[in-house]
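Below is one structure, written out as structure tokens; comments come after it.
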Amino acid sequence: MKFAVGADHAGVELKNQLGEVLRARGIEFVDFGADGSGSVDYPDKAAQVARALAAGEADRGLLVCGTGVGMAMSANRFAGVRAVNPTDSFTARMSRAHNDANVLALGARVLGAGQATELLEVFLDTPFDGDRHTARVAKIDSGADPATAGSP
Ligand code: RB5
């Protein structure tokens, strides 16, 4: 598993802390910044991480901004990205098990470092259940209106 990681100015510190969690677990990652030197627009970082997934340079993403909301909204505009913005472990776990989420977007102004680490660990440790969820995730990825597209 390889991660692409990014943050805006609000998320730099937490992004760096979570990078240490990845490093401690031996998980390779590419860090797109920010580096803390100034204001950064979160859609720009979300786009860098989404492009890394699309290019096959990473298979998971970690994005951090103030709330995680803008990062998730931005990343989810890209084909193949399924970003989740959890604040609780159940949501983080189900986003992997049922939705095969591939990008974790967290809020540095919402979560403490301990909570964020727990969410990242749940995200890392929960496999996709597959089975009946596979066709539903395919409907997400198709980008089509299920009312007119039929079943995949
Ligand atoms: C930056 O002030 C803030 O808007 C951003 O980090 C994020 O919370 C947006 O969703």
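Chain labels run A, B, ... following the order of the structure tokens; each chain numbers its residues from 1, and ligands are numbered from 1 in the order shown.
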
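Residues within 9 Å of Ala10 of chain A, counting only C-alpha atoms and excluding same-chain residues fewer than 3 positions away, are A:Ala7, A:Glu13, A:Leu14, A:Gly36, A:Ser39, A:Val40, A:Val64, A:Cys65, A:Gly66, A:Thr67, A:Gly107, A:Ala108, A:Arg109.
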
Restrict the selected residues to all heavy atoms and save them as a short mmCIF file (atom, residue, chain, number, x, y, z; two decimals), in the first residue's frame.
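For reference, out_27.cif as written:
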data_model
loop_
_atom_site.label_atom_id
_atom_site.label_comp_id
_atom_site.auth_asym_id
_atom_site.auth_seq_id
_atom_site.Cartn_x
_atom_site.Cartn_y
_atom_site.Cartn_z
N ALA A 7 -1.93 18.49 2.58
CA ALA A 7 -2.63 19.33 3.56
C ALA A 7 -2.60 20.77 3.09
O ALA A 7 -1.72 21.16 2.32
CB ALA A 7 -1.96 19.22 4.93
N GLU A 13 0.33 20.55 10.42
CA GLU A 13 0.87 19.91 11.63
C GLU A 13 0.31 18.50 11.80
O GLU A 13 1.06 17.54 12.05
CB GLU A 13 0.57 20.77 12.85
CG GLU A 13 1.30 20.33 14.09
CD GLU A 13 0.99 21.22 15.29
OE1 GLU A 13 0.58 22.39 15.10
OE2 GLU A 13 1.16 20.72 16.42
N LEU A 14 -1.00 18.37 11.65
CA LEU A 14 -1.61 17.04 11.82
C LEU A 14 -1.16 16.11 10.70
O LEU A 14 -0.89 14.92 10.93
CB LEU A 14 -3.13 17.15 11.85
CG LEU A 14 -3.88 15.83 12.04
CD1 LEU A 14 -3.46 15.13 13.33
CD2 LEU A 14 -5.40 16.06 12.03
N GLY A 36 4.02 24.42 5.60
CA GLY A 36 3.86 25.33 6.72
C GLY A 36 4.38 26.73 6.46
O GLY A 36 4.37 27.58 7.35
N SER A 39 -0.07 30.27 3.27
CA SER A 39 -1.43 29.83 2.98
C SER A 39 -1.47 29.00 1.69
O SER A 39 -0.82 29.34 0.71
CB SER A 39 -2.32 31.07 2.83
OG SER A 39 -3.64 30.68 2.58
N VAL A 40 -2.23 27.94 1.75
CA VAL A 40 -2.35 27.02 0.61
C VAL A 40 -3.83 26.72 0.41
O VAL A 40 -4.56 26.49 1.37
CB VAL A 40 -1.60 25.69 0.91
CG1 VAL A 40 -1.82 24.68 -0.18
CG2 VAL A 40 -0.11 25.95 1.10
N VAL A 64 -5.55 16.54 4.81
CA VAL A 64 -5.89 17.22 6.06
C VAL A 64 -6.07 18.70 5.79
O VAL A 64 -5.20 19.35 5.20
CB VAL A 64 -4.81 17.02 7.15
CG1 VAL A 64 -5.31 17.58 8.48
CG2 VAL A 64 -4.43 15.55 7.30
N CYS A 65 -7.22 19.24 6.20
CA CYS A 65 -7.44 20.69 6.20
C CYS A 65 -8.10 21.03 7.53
O CYS A 65 -8.00 20.26 8.48
CB CYS A 65 -8.24 21.14 4.99
SG CYS A 65 -9.94 20.53 4.89
N GLY A 66 -8.76 22.18 7.62
CA GLY A 66 -9.35 22.56 8.90
C GLY A 66 -10.42 21.59 9.36
O GLY A 66 -10.44 21.14 10.50
N THR A 67 -11.32 21.26 8.44
CA THR A 67 -12.43 20.35 8.76
C THR A 67 -12.34 19.01 8.04
O THR A 67 -13.06 18.09 8.41
CB THR A 67 -13.77 20.99 8.34
OG1 THR A 67 -13.71 21.24 6.92
CG2 THR A 67 -14.03 22.29 9.10
N GLY A 107 -10.05 16.56 9.62
CA GLY A 107 -10.10 17.96 10.03
C GLY A 107 -9.22 18.24 11.23
O GLY A 107 -9.50 17.76 12.33
N ALA A 108 -8.19 19.04 11.02
CA ALA A 108 -7.25 19.34 12.10
C ALA A 108 -7.86 20.27 13.15
O ALA A 108 -7.37 20.32 14.28
CB ALA A 108 -5.99 19.98 11.51
N ARG A 109 -8.93 20.99 12.76
CA ARG A 109 -9.58 21.88 13.73
C ARG A 109 -10.77 21.19 14.40
O ARG A 109 -11.49 21.82 15.18
CB ARG A 109 -10.03 23.16 13.02
CG ARG A 109 -8.87 24.01 12.52
CD ARG A 109 -9.32 25.19 11.67
NE ARG A 109 -8.18 26.01 11.27
CZ ARG A 109 -8.20 26.88 10.26
NH1 ARG A 109 -9.30 27.04 9.54
NH2 ARG A 109 -7.12 27.59 9.98
#

For this session: Write out as a PyMOL selection string all residues of segment 17-146 of chain A that backbone DSSP assigns to helix (DSSP H, G or I).
Result: chain A and resi 17-24+42-54+69-75+89-97+113-125+132-142+146

Selection near Ile140 of chain A, 12 Å with only C-alpha atoms, sequence-local residues under 3 positions removed, as a PDB file with N, CA, C and O atoms, in the first residue's frame:
ATOM      1  N   ASN A  76     -13.282  14.300  -4.275  1.00  0.00           N
ATOM      2  CA  ASN A  76     -14.358  13.487  -4.855  1.00  0.00           C
ATOM      3  C   ASN A  76     -14.813  13.963  -6.236  1.00  0.00           C
ATOM      4  O   ASN A  76     -15.610  13.288  -6.890  1.00  0.00           O
ATOM      5  N   ARG A  77     -14.287  15.084  -6.693  1.00  0.00           N
ATOM      6  CA  ARG A  77     -14.572  15.512  -8.066  1.00  0.00           C
ATOM      7  C   ARG A  77     -13.764  14.725  -9.089  1.00  0.00           C
ATOM      8  O   ARG A  77     -14.028  14.804 -10.288  1.00  0.00           O
ATOM      9  N   PHE A  78     -12.783  13.970  -8.605  1.00  0.00           N
ATOM     10  CA  PHE A  78     -11.886  13.232  -9.507  1.00  0.00           C
ATOM     11  C   PHE A  78     -12.340  11.787  -9.650  1.00  0.00           C
ATOM     12  O   PHE A  78     -12.666  11.129  -8.651  1.00  0.00           O
ATOM     13  N   ALA A  79     -12.339  11.294 -10.882  1.00  0.00           N
ATOM     14  CA  ALA A  79     -12.754   9.912 -11.151  1.00  0.00           C
ATOM     15  C   ALA A  79     -11.900   8.935 -10.359  1.00  0.00           C
ATOM     16  O   ALA A  79     -10.680   9.089 -10.270  1.00  0.00           O
ATOM     17  N   GLY A  80     -12.563   7.959  -9.789  1.00  0.00           N
ATOM     18  CA  GLY A  80     -11.856   6.893  -9.067  1.00  0.00           C
ATOM     19  C   GLY A  80     -11.570   7.212  -7.618  1.00  0.00           C
ATOM     20  O   GLY A  80     -11.137   6.337  -6.875  1.00  0.00           O
ATOM     21  N   VAL A  81     -11.794   8.470  -7.222  1.00  0.00           N
ATOM     22  CA  VAL A  81     -11.571   8.834  -5.819  1.00  0.00           C
ATOM     23  C   VAL A  81     -12.859   8.623  -5.031  1.00  0.00           C
ATOM     24  O   VAL A  81     -13.938   9.039  -5.449  1.00  0.00           O
ATOM     25  N   ARG A  82     -12.720   7.962  -3.894  1.00  0.00           N
ATOM     26  CA  ARG A  82     -13.831   7.813  -2.954  1.00  0.00           C
ATOM     27  C   ARG A  82     -13.315   8.291  -1.597  1.00  0.00           C
ATOM     28  O   ARG A  82     -12.755   7.520  -0.814  1.00  0.00           O
ATOM     29  N   ALA A  83     -13.492   9.591  -1.376  1.00  0.00           N
ATOM     30  CA  ALA A  83     -12.954  10.210  -0.162  1.00  0.00           C
ATOM     31  C   ALA A  83     -14.014  10.249   0.921  1.00  0.00           C
ATOM     32  O   ALA A  83     -15.187  10.520   0.662  1.00  0.00           O
ATOM     33  N   ASN A  99     -17.839   0.968   1.408  1.00  0.00           N
ATOM     34  CA  ASN A  99     -17.677   1.937   0.316  1.00  0.00           C
ATOM     35  C   ASN A  99     -16.306   1.878  -0.340  1.00  0.00           C
ATOM     36  O   ASN A  99     -16.046   2.632  -1.285  1.00  0.00           O
ATOM     37  N   ASP A 100     -15.426   1.047   0.186  1.00  0.00           N
ATOM     38  CA  ASP A 100     -14.065   0.940  -0.344  1.00  0.00           C
ATOM     39  C   ASP A 100     -13.415   2.323  -0.480  1.00  0.00           C
ATOM     40  O   ASP A 100     -12.789   2.640  -1.497  1.00  0.00           O
ATOM     41  N   ALA A 101     -13.600   3.144   0.546  1.00  0.00           N
ATOM     42  CA  ALA A 101     -13.008   4.490   0.527  1.00  0.00           C
ATOM     43  C   ALA A 101     -11.513   4.381   0.309  1.00  0.00           C
ATOM     44  O   ALA A 101     -10.843   3.532   0.899  1.00  0.00           O
ATOM     45  N   HIS A 133     -21.412  -5.233  -1.957  1.00  0.00           N
ATOM     46  CA  HIS A 133     -20.992  -3.832  -2.010  1.00  0.00           C
ATOM     47  C   HIS A 133     -20.236  -3.498  -3.296  1.00  0.00           C
ATOM     48  O   HIS A 133     -20.121  -2.329  -3.645  1.00  0.00           O
ATOM     49  N   THR A 134     -19.752  -4.519  -3.968  1.00  0.00           N
ATOM     50  CA  THR A 134     -18.918  -4.268  -5.152  1.00  0.00           C
ATOM     51  C   THR A 134     -19.700  -3.546  -6.254  1.00  0.00           C
ATOM     52  O   THR A 134     -19.213  -2.568  -6.831  1.00  0.00           O
ATOM     53  N   ALA A 135     -20.913  -4.007  -6.519  1.00  0.00           N
ATOM     54  CA  ALA A 135     -21.707  -3.378  -7.580  1.00  0.00           C
ATOM     55  C   ALA A 135     -22.123  -1.959  -7.193  1.00  0.00           C
ATOM     56  O   ALA A 135     -22.243  -1.082  -8.059  1.00  0.00           O
ATOM     57  N   ARG A 136     -22.325  -1.737  -5.884  1.00  0.00           N
ATOM     58  CA  ARG A 136     -22.716  -0.386  -5.446  1.00  0.00           C
ATOM     59  C   ARG A 136     -21.554   0.587  -5.626  1.00  0.00           C
ATOM     60  O   ARG A 136     -21.749   1.730  -6.067  1.00  0.00           O
ATOM     61  N   VAL A 137     -20.357   0.127  -5.285  1.00  0.00           N
ATOM     62  CA  VAL A 137     -19.187   0.988  -5.462  1.00  0.00           C
ATOM     63  C   VAL A 137     -18.956   1.243  -6.954  1.00  0.00           C
ATOM     64  O   VAL A 137     -18.590   2.355  -7.352  1.00  0.00           O
ATOM     65  N   GLY A 143     -20.062   7.178 -12.253  1.00  0.00           N
ATOM     66  CA  GLY A 143     -20.398   8.589 -12.394  1.00  0.00           C
ATOM     67  C   GLY A 143     -21.727   8.833 -13.071  1.00  0.00           C
ATOM     68  O   GLY A 143     -22.123   9.976 -13.306  1.00  0.00           O
ATOM     69  N   ALA A 144     -22.442   7.746 -13.381  1.00  0.00           N
ATOM     70  CA  ALA A 144     -23.709   7.893 -14.091  1.00  0.00           C
ATOM     71  C   ALA A 144     -24.873   7.977 -13.113  1.00  0.00           C
ATOM     72  O   ALA A 144     -24.781   7.558 -11.967  1.00  0.00           O
ATOM     73  N   ASP A 145     -25.983   8.516 -13.593  1.00  0.00           N
ATOM     74  CA  ASP A 145     -27.210   8.539 -12.800  1.00  0.00           C
ATOM     75  C   ASP A 145     -27.790   7.135 -12.817  1.00  0.00           C
ATOM     76  O   ASP A 145     -28.175   6.633 -13.892  1.00  0.00           O
ATOM     77  N   PRO A 146     -27.869   6.440 -11.661  1.00  0.00           N
ATOM     78  CA  PRO A 146     -28.368   5.064 -11.647  1.00  0.00           C
ATOM     79  C   PRO A 146     -29.784   4.947 -12.204  1.00  0.00           C
ATOM     80  O   PRO A 146     -30.170   3.882 -12.689  1.00  0.00           O
ATOM     81  N   ALA A 149     -28.838   4.706 -15.960  1.00  0.00           N
ATOM     82  CA  ALA A 149     -27.704   3.887 -16.410  1.00  0.00           C
ATOM     83  C   ALA A 149     -27.952   2.388 -16.295  1.00  0.00           C
ATOM     84  O   ALA A 149     -27.233   1.608 -16.890  1.00  0.00           O
ATOM     85  N   SER A 151     -28.125  -1.321 -14.164  1.00  0.00           N
ATOM     86  CA  SER A 151     -27.180  -1.954 -13.238  1.00  0.00           C
ATOM     87  C   SER A 151     -25.867  -2.236 -13.946  1.00  0.00           C
ATOM     88  O   SER A 151     -25.862  -2.576 -15.127  1.00  0.00           O
ATOM     89  N   PRO A 152     -24.749  -2.101 -13.219  1.00  0.00           N
ATOM     90  CA  PRO A 152     -23.455  -2.394 -13.841  1.00  0.00           C
ATOM     91  C   PRO A 152     -23.291  -3.898 -14.062  1.00  0.00           C
ATOM     92  O   PRO A 152     -23.924  -4.687 -13.426  1.00  0.00           O
TER      93      PRO A 152
END

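With distances taken over only C-alpha atoms and all ligand atoms, A:Ala105 is the one residue among A:Ala4, A:Leu18, A:Ala105, A:Val84 lying closest to ligand 1.
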
For this session: Quick one: everything within 8 Å of Phe32 of chain A, counting only C-alpha atoms, minus sequence neighbours fewer than 6 positions away in the same chain. Send it as a VMD selection string.
Result: chain A and resid 4 to 7 45 48 to 49

Written file, previous selection with C-alpha atoms, as an mmCIF file, in the first residue's frame:
data_model
loop_
_atom_site.group_PDB
_atom_site.id
_atom_site.type_symbol
_atom_site.label_atom_id
_atom_site.label_comp_id
_atom_site.auth_asym_id
_atom_site.auth_seq_id
_atom_site.Cartn_x
_atom_site.Cartn_y
_atom_site.Cartn_z
ATOM 1 C CA ALA A 4 -0.257 10.188 -1.285
ATOM 2 C CA VAL A 5 -0.504 12.807 1.451
ATOM 3 C CA GLY A 6 -1.442 16.474 1.355
ATOM 4 C CA ALA A 7 -2.629 19.326 3.557
ATOM 5 C CA LYS A 45 -3.566 19.747 -2.552
ATOM 6 C CA GLN A 48 -2.329 16.598 -6.396
ATOM 7 C CA VAL A 49 -3.299 13.611 -4.275
#

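DSSP on the backbone gives strand (DSSP E) for these parts of segment 6-101 of chain A: Gly6, Ala7, Glu28, Phe29, Val30, Asp31, Arg60, Gly61, Leu62, Leu63, Val64, Cys65, Ala83 and Val84 of chain A.
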